[in-house]
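Asker: This is the structure, below, for whatever I ask next.
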Amino acid sequence: MALRLGLARADITPPVGIPMVGFAGRDDSTDVHDPLTATVLLLTDEGDPLVLVCMDLLQLTEATVDACRAAMAEASGVPAECILLACAHNHYGPDVDRAEGRAVVDAYRHHLVHVLAGLARRAAASPEEVQLGVGWGSSDIGINRRERRPDGQIVLGHNPEGPVDRDVGVARFDRPDGRPVAVLAHFACHPVCQGSRTTALSADYPGRMRQVVESLAGAPCLFLAGAGANINPIRMEHSYEPARTLGTRLGCEVARVWETVAPEATGGVAGAYEKVELPRYRYGSEDTARALCASLQRQVEELKAPGASASARYWTQSRLKRAEQALAAWTGGPSLEPVPAELQAWRVGDLALASAPGEIFNEIGRRVRQASPCRHTFFAAYTNGSIGYVPVREAYAEGGYEVTHACRVEPEAGDMIAEGCVRLLRQVAG
């Protein structure tokens, strides 16, 4: 049976004044620079459809993912496990889950659930026959961000010698008569072009990339974020200009590859998923966990002062809670519960997609792609929830923000995710 595709998009820009996420110490939004969108792509042949949702959001909690999938499944008839919610990891979007008593956050989250359900219904209503082609390009807009100072400390900066994924994946969907239907662009790099002080809602460089591609291809473009946990843009300034120029450069490369791809009739849609339990991070030793607890307790007290940032306070309290649980585990208290993570793999003709929640180092994503039995493989991070950073093993000894501030899993987690994704890819490859 021929491949069929359904597509629907909605504006999900929240009201000005909603808290923003992505950087500690930044609070409410003050303006809208460019709109945020959610786009649903449904693919089917003769079995259960697969539904990809691409959103200009930072991340979603597991509870929000469950609510969205349940509503979408009810509205469209697509099983919840066949729905993949992918965030662009946009740092200039709204708080979706951390309400802290803010009614606007709860209202936005509930509204999002209903919007996605409506999109799923529209996409499933009348899918049309399409052909698929896949091509690859390269972009230099990202750079490894784990900079090593002369004293050996790892900081967020530029590391030109560090590993970086420059591959740009492009999937082109056309009608049998050659008219374009959709473009799926895959790239790994943090959307943080505008720096940490920006309070205008924006889709950052992926939004600009889509504008460029859509103007040239004449079809909706979806952005699928790869494993870019340790990759930042080469320009980060308190201005929209870096997002504009880097998004334009990436968009032109996507359009160039799109022009070279020759879609062909294809079928064979398959999906698989599994939940793995990753060991929770214990910070290496009892002494390290104890010292971290003491440091974070002091920071929490300082953030109780009038005028202190609510987002910084929330972030520090979350870190303290994790550190206290780890210390308790070292000192005879309850064992740490594992961190659940849902892995998915899809195959649509010659194109495969593997995904995992959280912020995955680019080396892990490239390892999955290289080991895949499929001809073309995209690796999507920030999907179906968020488990924090997943560094490679060697990064734990080096330290740095990704390890010391935002990691919830032990060093073997990256290997477990890679091995699980490859296992699922082999299953869908048939």
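Identifiers for the structure tokens are assigned positionally: chains receive A, B, ... in sequence, residues are indexed from 1 per chain, and ligands are indexed from 1 in the order shown.
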Please provide the set of residues having any atom within 9 Å of range 316-323 of chain A, restricted to only C-alpha atoms, with same-chain residues fewer than 2 positions apart removed, written as number ranges by chain.

Answerer: A: 24, 281-283, 289-290, 292-297, 299-300, 303, 311-314, 325-328, 405-406, 408

Asker: Can you list, as a list in words, every protein, DNA or RNA residue that comes within 8 Å of range 91-105 of chain A when you count only C-alpha atoms, leaving out same-chain residues fewer than 6 positions away?

Answerer: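 The residues satisfying every condition are Pro14, Ile18, Pro19, Met20, Val21, Gly22, Phe23, Ser29, Leu36, Asp56, Leu57, Leu58, Leu60, Thr61, Thr64, Pro191, Val192, Thr198, Thr199, Ala200, Leu201, Ser202, Ala203 and Asp204 of chain A.
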
Asker: Excluding Gly169 in chain A and its own-chain neighbours fewer than 3 positions away, which residues fall within 9 Å of it when counting only C-alpha atoms? Please give them as a CSV table (one decimal) with all heavy atoms, in the first residue's frame.

Answerer:
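What landed in around_8.csv:
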chain,number,residue,atom,x,y,z
A,134,VAL,N,15.2,11.2,0.8
A,134,VAL,CA,16.1,11.6,1.9
A,134,VAL,C,17.5,12.0,1.4
A,134,VAL,O,18.0,11.3,0.5
A,134,VAL,CB,16.2,10.5,3.0
A,134,VAL,CG1,17.0,11.0,4.2
A,134,VAL,CG2,14.8,10.0,3.4
A,135,GLY,N,18.0,13.1,1.9
A,135,GLY,CA,19.3,13.6,1.5
A,135,GLY,C,20.0,14.1,2.7
A,135,GLY,O,19.4,14.4,3.8
A,136,TRP,N,21.3,14.4,2.6
A,136,TRP,CA,22.2,14.9,3.7
A,136,TRP,C,23.0,16.1,3.2
A,136,TRP,O,23.5,16.1,2.1
A,136,TRP,CB,23.1,13.8,4.2
A,136,TRP,CG,22.3,12.7,4.9
A,136,TRP,CD1,21.8,11.6,4.3
A,136,TRP,CD2,22.0,12.6,6.2
A,136,TRP,NE1,21.2,10.8,5.2
A,136,TRP,CE2,21.3,11.4,6.4
A,136,TRP,CE3,22.2,13.4,7.3
A,136,TRP,CZ2,20.8,11.0,7.7
A,136,TRP,CZ3,21.7,13.0,8.6
A,136,TRP,CH2,21.0,11.8,8.7
A,137,GLY,N,23.2,17.0,4.1
A,137,GLY,CA,24.1,18.1,3.9
A,137,GLY,C,24.9,18.3,5.2
A,137,GLY,O,25.0,17.5,6.0
A,138,SER,N,25.5,19.5,5.3
A,138,SER,CA,26.4,19.8,6.4
A,138,SER,C,26.2,21.3,6.7
A,138,SER,O,26.1,22.2,5.8
A,138,SER,CB,27.8,19.5,6.0
A,138,SER,OG,28.7,19.8,7.1
A,184,LEU,N,11.0,17.7,6.3
A,184,LEU,CA,11.5,17.4,7.6
A,184,LEU,C,13.0,17.6,7.7
A,184,LEU,O,13.8,16.9,7.0
A,184,LEU,CB,11.1,16.0,8.0
A,184,LEU,CG,11.6,15.5,9.4
A,184,LEU,CD1,10.9,16.4,10.5
A,184,LEU,CD2,11.3,14.0,9.6
A,185,ALA,N,13.4,18.6,8.5
A,185,ALA,CA,14.8,19.0,8.6
A,185,ALA,C,15.4,18.5,10.0
A,185,ALA,O,14.8,18.8,11.0
A,185,ALA,CB,15.0,20.5,8.4
A,186,HIS,N,16.5,17.9,10.0
A,186,HIS,CA,17.1,17.3,11.2
A,186,HIS,C,18.5,17.9,11.4
A,186,HIS,O,19.3,17.8,10.5
A,186,HIS,CB,17.2,15.8,11.1
A,186,HIS,CG,17.9,15.1,12.2
A,186,HIS,ND1,19.2,14.6,12.0
A,186,HIS,CD2,17.6,14.8,13.4
A,186,HIS,CE1,19.6,14.0,13.1
A,186,HIS,NE2,18.7,14.2,14.0
A,187,PHE,N,18.7,18.5,12.6
A,187,PHE,CA,20.0,19.1,12.9
A,187,PHE,C,20.2,19.1,14.5
A,187,PHE,O,19.2,19.2,15.2
A,187,PHE,CB,20.1,20.5,12.4
A,187,PHE,CG,21.4,21.1,12.5
A,187,PHE,CD1,22.5,20.6,11.8
A,187,PHE,CD2,21.6,22.2,13.2
A,187,PHE,CE1,23.8,21.1,11.9
A,187,PHE,CE2,22.9,22.8,13.4
A,187,PHE,CZ,24.0,22.3,12.7
A,254,VAL,N,19.4,23.3,4.0
A,254,VAL,CA,18.2,22.4,3.9
A,254,VAL,C,17.6,22.5,2.5
A,254,VAL,O,17.3,21.5,1.9
A,254,VAL,CB,17.2,22.7,5.0
A,254,VAL,CG1,15.9,21.9,4.8
A,254,VAL,CG2,17.8,22.4,6.4
A,257,VAL,N,19.8,20.8,-0.2
A,257,VAL,CA,19.7,19.4,-0.2
A,257,VAL,C,18.3,19.0,-0.7
A,257,VAL,O,18.2,18.0,-1.5
A,257,VAL,CB,19.9,18.8,1.3
A,257,VAL,CG1,19.6,17.3,1.3
A,257,VAL,CG2,21.3,19.1,1.8
A,376,HIS,N,19.0,5.4,6.0
A,376,HIS,CA,19.0,6.8,6.5
A,376,HIS,C,18.4,6.8,7.9
A,376,HIS,O,17.3,6.3,8.1
A,376,HIS,CB,18.3,7.8,5.6
A,376,HIS,CG,18.7,7.9,4.2
A,376,HIS,ND1,19.9,8.5,3.8
A,376,HIS,CD2,18.1,7.4,3.1
A,376,HIS,CE1,20.0,8.4,2.5
A,376,HIS,NE2,19.0,7.8,2.0
A,377,THR,N,19.1,7.4,8.9
A,377,THR,CA,18.6,7.4,10.2
A,377,THR,C,18.7,8.8,10.8
A,377,THR,O,19.8,9.4,10.8
A,377,THR,CB,19.3,6.4,11.1
A,377,THR,OG1,19.2,5.1,10.6
A,377,THR,CG2,18.8,6.5,12.5
A,378,PHE,N,17.7,9.4,11.4
A,378,PHE,CA,17.7,10.6,12.2
A,378,PHE,C,17.6,10.2,13.6
A,378,PHE,O,16.9,9.2,14.0
A,378,PHE,CB,16.5,11.5,11.9
A,378,PHE,CG,16.4,12.0,10.5
A,378,PHE,CD1,15.3,12.7,10.0
A,378,PHE,CD2,17.5,11.9,9.6
A,378,PHE,CE1,15.2,13.2,8.7
A,378,PHE,CE2,17.4,12.4,8.3
A,378,PHE,CZ,16.3,13.1,7.9

Asker: Do you know which residues are at most 7 Å from Leu50 in chain A counting only C-alpha atoms, after dropping those on the same chain fewer than 5 positions away, and could you put them as a ChimeraX atom specification?

Answerer: /A:42-44,82-83

Asker: Got time to write the residues from that selection, all heavy atoms, as a PDB file, in the first residue's frame?

Answerer:
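Dumped everything to result.pdb:
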ATOM      1  N   LEU A  42       1.494  13.001  10.176  1.00  0.00           N
ATOM      2  CA  LEU A  42       0.996  11.625  10.298  1.00  0.00           C
ATOM      3  C   LEU A  42       1.415  10.837   9.072  1.00  0.00           C
ATOM      4  O   LEU A  42       1.249  11.303   7.936  1.00  0.00           O
ATOM      5  CB  LEU A  42      -0.522  11.631  10.443  1.00  0.00           C
ATOM      6  CG  LEU A  42      -1.224  10.277  10.546  1.00  0.00           C
ATOM      7  CD1 LEU A  42      -2.433  10.364  11.468  1.00  0.00           C
ATOM      8  CD2 LEU A  42      -1.662   9.751   9.163  1.00  0.00           C
ATOM      9  N   LEU A  43       1.961   9.638   9.294  1.00  0.00           N
ATOM     10  CA  LEU A  43       2.408   8.772   8.206  1.00  0.00           C
ATOM     11  C   LEU A  43       1.789   7.397   8.382  1.00  0.00           C
ATOM     12  O   LEU A  43       1.780   6.836   9.487  1.00  0.00           O
ATOM     13  CB  LEU A  43       3.939   8.651   8.214  1.00  0.00           C
ATOM     14  CG  LEU A  43       4.706   9.956   7.968  1.00  0.00           C
ATOM     15  CD1 LEU A  43       6.159   9.805   8.356  1.00  0.00           C
ATOM     16  CD2 LEU A  43       4.580  10.374   6.508  1.00  0.00           C
ATOM     17  N   THR A  44       1.280   6.844   7.301  1.00  0.00           N
ATOM     18  CA  THR A  44       0.620   5.545   7.386  1.00  0.00           C
ATOM     19  C   THR A  44       0.695   4.823   6.049  1.00  0.00           C
ATOM     20  O   THR A  44       0.847   5.448   5.000  1.00  0.00           O
ATOM     21  CB  THR A  44      -0.854   5.716   7.818  1.00  0.00           C
ATOM     22  OG1 THR A  44      -1.441   4.437   8.017  1.00  0.00           O
ATOM     23  CG2 THR A  44      -1.654   6.477   6.770  1.00  0.00           C
ATOM     24  N   CYS A  82       2.070   5.260  19.429  1.00  0.00           N
ATOM     25  CA  CYS A  82       2.505   5.592  18.071  1.00  0.00           C
ATOM     26  C   CYS A  82       2.692   7.094  17.874  1.00  0.00           C
ATOM     27  O   CYS A  82       2.922   7.551  16.752  1.00  0.00           O
ATOM     28  CB  CYS A  82       1.497   5.073  17.051  1.00  0.00           C
ATOM     29  SG  CYS A  82       1.334   3.267  17.026  1.00  0.00           S
ATOM     30  N   ILE A  83       2.571   7.861  18.938  1.00  0.00           N
ATOM     31  CA  ILE A  83       2.700   9.315  18.876  1.00  0.00           C
ATOM     32  C   ILE A  83       4.034   9.724  19.494  1.00  0.00           C
ATOM     33  O   ILE A  83       4.356   9.321  20.606  1.00  0.00           O
ATOM     34  CB  ILE A  83       1.537  10.001  19.618  1.00  0.00           C
ATOM     35  CG1 ILE A  83       0.198   9.633  18.957  1.00  0.00           C
ATOM     36  CG2 ILE A  83       1.726  11.510  19.641  1.00  0.00           C
ATOM     37  CD1 ILE A  83      -1.018  10.086  19.739  1.00  0.00           C
TER      38      ILE A  83
END

Asker: Can you list every residue in range 62-265 of chain A that DSSP puts in strand (DSSP E or B), as a ChimeraX atom specification?

Answerer: /A:83-87,94,128-129,131-138,142-144,146-148,154-156,167-174,180-187,200-201,221-225,231-233,264

Asker: Selection from above, N, CA and C atoms, as a compact mmCIF listing (two decimals), in the first residue's frame, can you write it?

Answerer:
# COMPACT_ATOMS: atom_id res chain seq x y z
N ILE A 83 2.57 7.86 18.94
CA ILE A 83 2.70 9.32 18.88
C ILE A 83 4.03 9.72 19.49
N LEU A 84 4.80 10.52 18.77
CA LEU A 84 6.10 10.99 19.23
C LEU A 84 6.05 12.51 19.38
N LEU A 85 6.20 13.00 20.60
CA LEU A 85 6.20 14.43 20.88
C LEU A 85 7.64 14.92 20.93
N ALA A 86 8.02 15.76 19.99
CA ALA A 86 9.40 16.23 19.87
C ALA A 86 9.46 17.73 20.08
N CYS A 87 10.27 18.16 21.03
CA CYS A 87 10.47 19.59 21.28
C CYS A 87 11.75 20.05 20.59
N PRO A 94 7.72 29.31 26.48
CA PRO A 94 7.07 29.45 27.78
C PRO A 94 7.35 28.29 28.73
N GLU A 128 -2.98 12.05 2.37
CA GLU A 128 -2.87 11.92 0.92
C GLU A 128 -1.60 11.13 0.55
N GLU A 129 -1.64 10.52 -0.60
CA GLU A 129 -0.52 9.71 -1.05
C GLU A 129 0.70 10.59 -1.31
N GLN A 131 5.29 10.53 -1.93
CA GLN A 131 6.54 9.84 -2.16
C GLN A 131 7.61 10.47 -1.27
N LEU A 132 8.65 9.70 -0.95
CA LEU A 132 9.65 10.14 0.02
C LEU A 132 11.05 10.08 -0.57
N GLY A 133 11.84 11.13 -0.30
CA GLY A 133 13.26 11.12 -0.63
C GLY A 133 14.03 11.70 0.54
N VAL A 134 15.24 11.20 0.76
CA VAL A 134 16.07 11.63 1.89
C VAL A 134 17.46 12.01 1.38
N GLY A 135 17.97 13.12 1.90
CA GLY A 135 19.32 13.55 1.54
C GLY A 135 20.04 14.15 2.73
N TRP A 136 21.34 14.38 2.57
CA TRP A 136 22.17 14.88 3.68
C TRP A 136 23.02 16.06 3.22
N GLY A 137 23.19 16.99 4.14
CA GLY A 137 24.07 18.12 3.92
C GLY A 137 24.92 18.34 5.15
N SER A 138 25.50 19.53 5.26
CA SER A 138 26.38 19.85 6.38
C SER A 138 26.25 21.33 6.72
N GLY A 142 27.11 25.26 14.37
CA GLY A 142 27.25 24.79 15.74
C GLY A 142 28.70 24.51 16.10
N ILE A 143 29.00 24.56 17.41
CA ILE A 143 30.34 24.29 17.90
C ILE A 143 30.25 23.60 19.25
N ASN A 144 31.16 22.69 19.52
CA ASN A 144 31.20 22.05 20.83
C ASN A 144 31.38 23.12 21.91
N ARG A 146 31.93 22.67 25.33
CA ARG A 146 32.64 22.30 26.56
C ARG A 146 34.09 22.78 26.48
N GLU A 147 34.27 24.04 26.79
CA GLU A 147 35.59 24.67 26.71
C GLU A 147 36.41 24.36 27.97
N ARG A 148 37.67 23.97 27.77
CA ARG A 148 38.55 23.66 28.89
C ARG A 148 39.48 24.85 29.16
N ILE A 154 36.05 22.77 33.07
CA ILE A 154 35.19 22.78 31.90
C ILE A 154 34.09 23.82 32.10
N VAL A 155 33.98 24.76 31.16
CA VAL A 155 32.98 25.81 31.23
C VAL A 155 32.19 25.84 29.92
N LEU A 156 31.06 26.53 29.93
CA LEU A 156 30.28 26.72 28.71
C LEU A 156 30.95 27.79 27.87
N ASP A 167 26.04 17.16 10.53
CA ASP A 167 25.16 16.58 9.52
C ASP A 167 23.77 17.23 9.55
N VAL A 168 23.25 17.50 8.38
CA VAL A 168 21.90 18.03 8.20
C VAL A 168 21.11 16.99 7.42
N GLY A 169 20.09 16.42 8.06
CA GLY A 169 19.24 15.44 7.40
C GLY A 169 17.99 16.10 6.85
N VAL A 170 17.60 15.73 5.64
CA VAL A 170 16.43 16.34 5.00
C VAL A 170 15.57 15.23 4.39
N ALA A 171 14.31 15.19 4.81
CA ALA A 171 13.34 14.28 4.22
C ALA A 171 12.33 15.10 3.43
N ARG A 172 12.13 14.72 2.18
CA ARG A 172 11.23 15.44 1.29
C ARG A 172 10.02 14.57 0.96
N PHE A 173 8.84 15.09 1.22
CA PHE A 173 7.59 14.40 0.91
C PHE A 173 6.87 15.16 -0.20
N ASP A 174 6.63 14.48 -1.33
CA ASP A 174 5.94 15.07 -2.48
C ASP A 174 4.72 14.24 -2.85
N PRO A 180 5.26 19.54 -3.79
CA PRO A 180 5.76 19.29 -2.43
C PRO A 180 4.64 19.34 -1.39
N VAL A 181 4.78 18.49 -0.39
CA VAL A 181 3.80 18.41 0.70
C VAL A 181 4.42 18.83 2.03
N ALA A 182 5.65 18.35 2.32
CA ALA A 182 6.28 18.65 3.60
C ALA A 182 7.78 18.41 3.50
N VAL A 183 8.51 19.11 4.38
CA VAL A 183 9.95 18.94 4.51
C VAL A 183 10.26 18.71 5.98
N LEU A 184 11.05 17.67 6.27
CA LEU A 184 11.49 17.40 7.64
C LEU A 184 12.99 17.62 7.71
N ALA A 185 13.40 18.60 8.52
CA ALA A 185 14.82 18.95 8.63
C ALA A 185 15.36 18.53 9.99
N HIS A 186 16.50 17.85 9.99
CA HIS A 186 17.08 17.30 11.22
C HIS A 186 18.48 17.88 11.43
N PHE A 187 18.70 18.46 12.64
CA PHE A 187 20.00 19.07 12.94
C PHE A 187 20.19 19.12 14.45
N ALA A 200 11.85 38.14 24.96
CA ALA A 200 10.85 38.11 23.88
C ALA A 200 10.67 36.66 23.43
N LEU A 201 9.43 36.22 23.34
CA LEU A 201 9.13 34.88 22.86
C LEU A 201 9.58 34.74 21.41
N CYS A 221 7.66 23.15 6.71
CA CYS A 221 8.91 22.54 7.14
C CYS A 221 8.83 22.27 8.64
N LEU A 222 9.23 21.08 9.05
CA LEU A 222 9.29 20.70 10.44
C LEU A 222 10.75 20.59 10.86
N PHE A 223 11.06 21.05 12.08
CA PHE A 223 12.42 20.95 12.61
C PHE A 223 12.46 19.84 13.64
N LEU A 224 13.39 18.90 13.45
CA LEU A 224 13.59 17.80 14.38
C LEU A 224 14.97 17.95 15.01
N ALA A 225 14.99 18.25 16.31
CA ALA A 225 16.26 18.51 17.00
C ALA A 225 17.01 17.21 17.26
N ILE A 231 26.40 21.05 22.09
CA ILE A 231 26.66 21.91 20.93
C ILE A 231 25.88 23.20 21.08
N ASN A 232 26.54 24.33 20.96
CA ASN A 232 25.91 25.65 20.97
C ASN A 232 26.11 26.33 19.62
N PRO A 233 25.31 27.34 19.30
CA PRO A 233 25.55 28.11 18.07
C PRO A 233 26.88 28.85 18.14
N GLU A 264 10.66 8.99 -4.20
CA GLU A 264 10.22 7.78 -4.88
C GLU A 264 9.03 7.20 -4.13

Asker: Between A:Gly162, A:Gln344, A:Gly284, A:Ile12, which residue has the minimum interatomic distance to Tyr108 in chain A, considering only C-alpha atoms?

Answerer: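 Smallest separation from Tyr108 in chain A among the options: A:Ile12.
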
Asker: Report the distance between CA of Arg210 in chain A and CA of Thr13 in chain A in Å, rounded to one decimal place.

Answerer: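 Separation of CA of Arg210 in chain A and CA of Thr13 in chain A: 16.0 Å.
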
Asker: Find the residues around Gln211 in chain A up to 12 Å (only C-alpha atoms counted), leave out those fewer than 5 positions away in its own chain, and share them as a PyMOL selection string.

Answerer: chain A and resi 34-35+37+183+203-206+216-223+244+247-252+254-255

Asker: For a test of reading the model, state the distance in Å between CA of Val40 in chain A and CA of Arg208 in chain A, rounded to one decimal.

Answerer: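 About the pair CA of Val40 in chain A and CA of Arg208 in chain A: they are 18.9 Å apart.
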
Asker: Do you know which residues are at most 8 Å from Ala75 in chain A counting only C-alpha atoms, after dropping those on the same chain fewer than 2 positions away, and could you put them as a list in words?

Answerer: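 Contacts, in chain order: Ala71, Met72, Ala73, Gly77, Ala117, Gly118, Ala120 and Arg121 of chain A.
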
Asker: Just checking: using only C-alpha atoms, which residue out of A:Val212, A:Ile387, A:Val164, A:Glu277 ends up closest to Arg366 in chain A?

Answerer: A:Val164

Asker: Restricting the calculation to only C-alpha atoms: of A:Ala380, A:Asp31, A:Glu402, A:Gly207, which residue gets closest to Thr245 in chain A?

Answerer: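 Closest candidate: A:Gly207.
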
Asker: Ranking A:Asp66, A:Glu419, A:Asp165, A:Glu214 by minimum distance to Phe361 in chain A and counting only C-alpha atoms, which one comes first?

Answerer: A:Asp165

Asker: Using only C-alpha atoms, which residue out of A:Ala8, A:Ala429, A:Ala80, A:Val32 lies closest to Arg122 in chain A?

Answerer: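 The shortest atom-to-atom distance to Arg122 in chain A comes from A:Ala8.
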
Asker: Which residues are close to Arg347 in chain A, i.e. within 7 Å by only C-alpha atoms, leaving aside same-chain residues fewer than 3 positions away? Reply as a list of chain:residue names.

Answerer: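 Surrounding residues, per the criterion: A:Val269, A:Ala270, A:Gly271, A:Leu351, A:Ala352, A:Leu353, A:Val428, A:Ala429.
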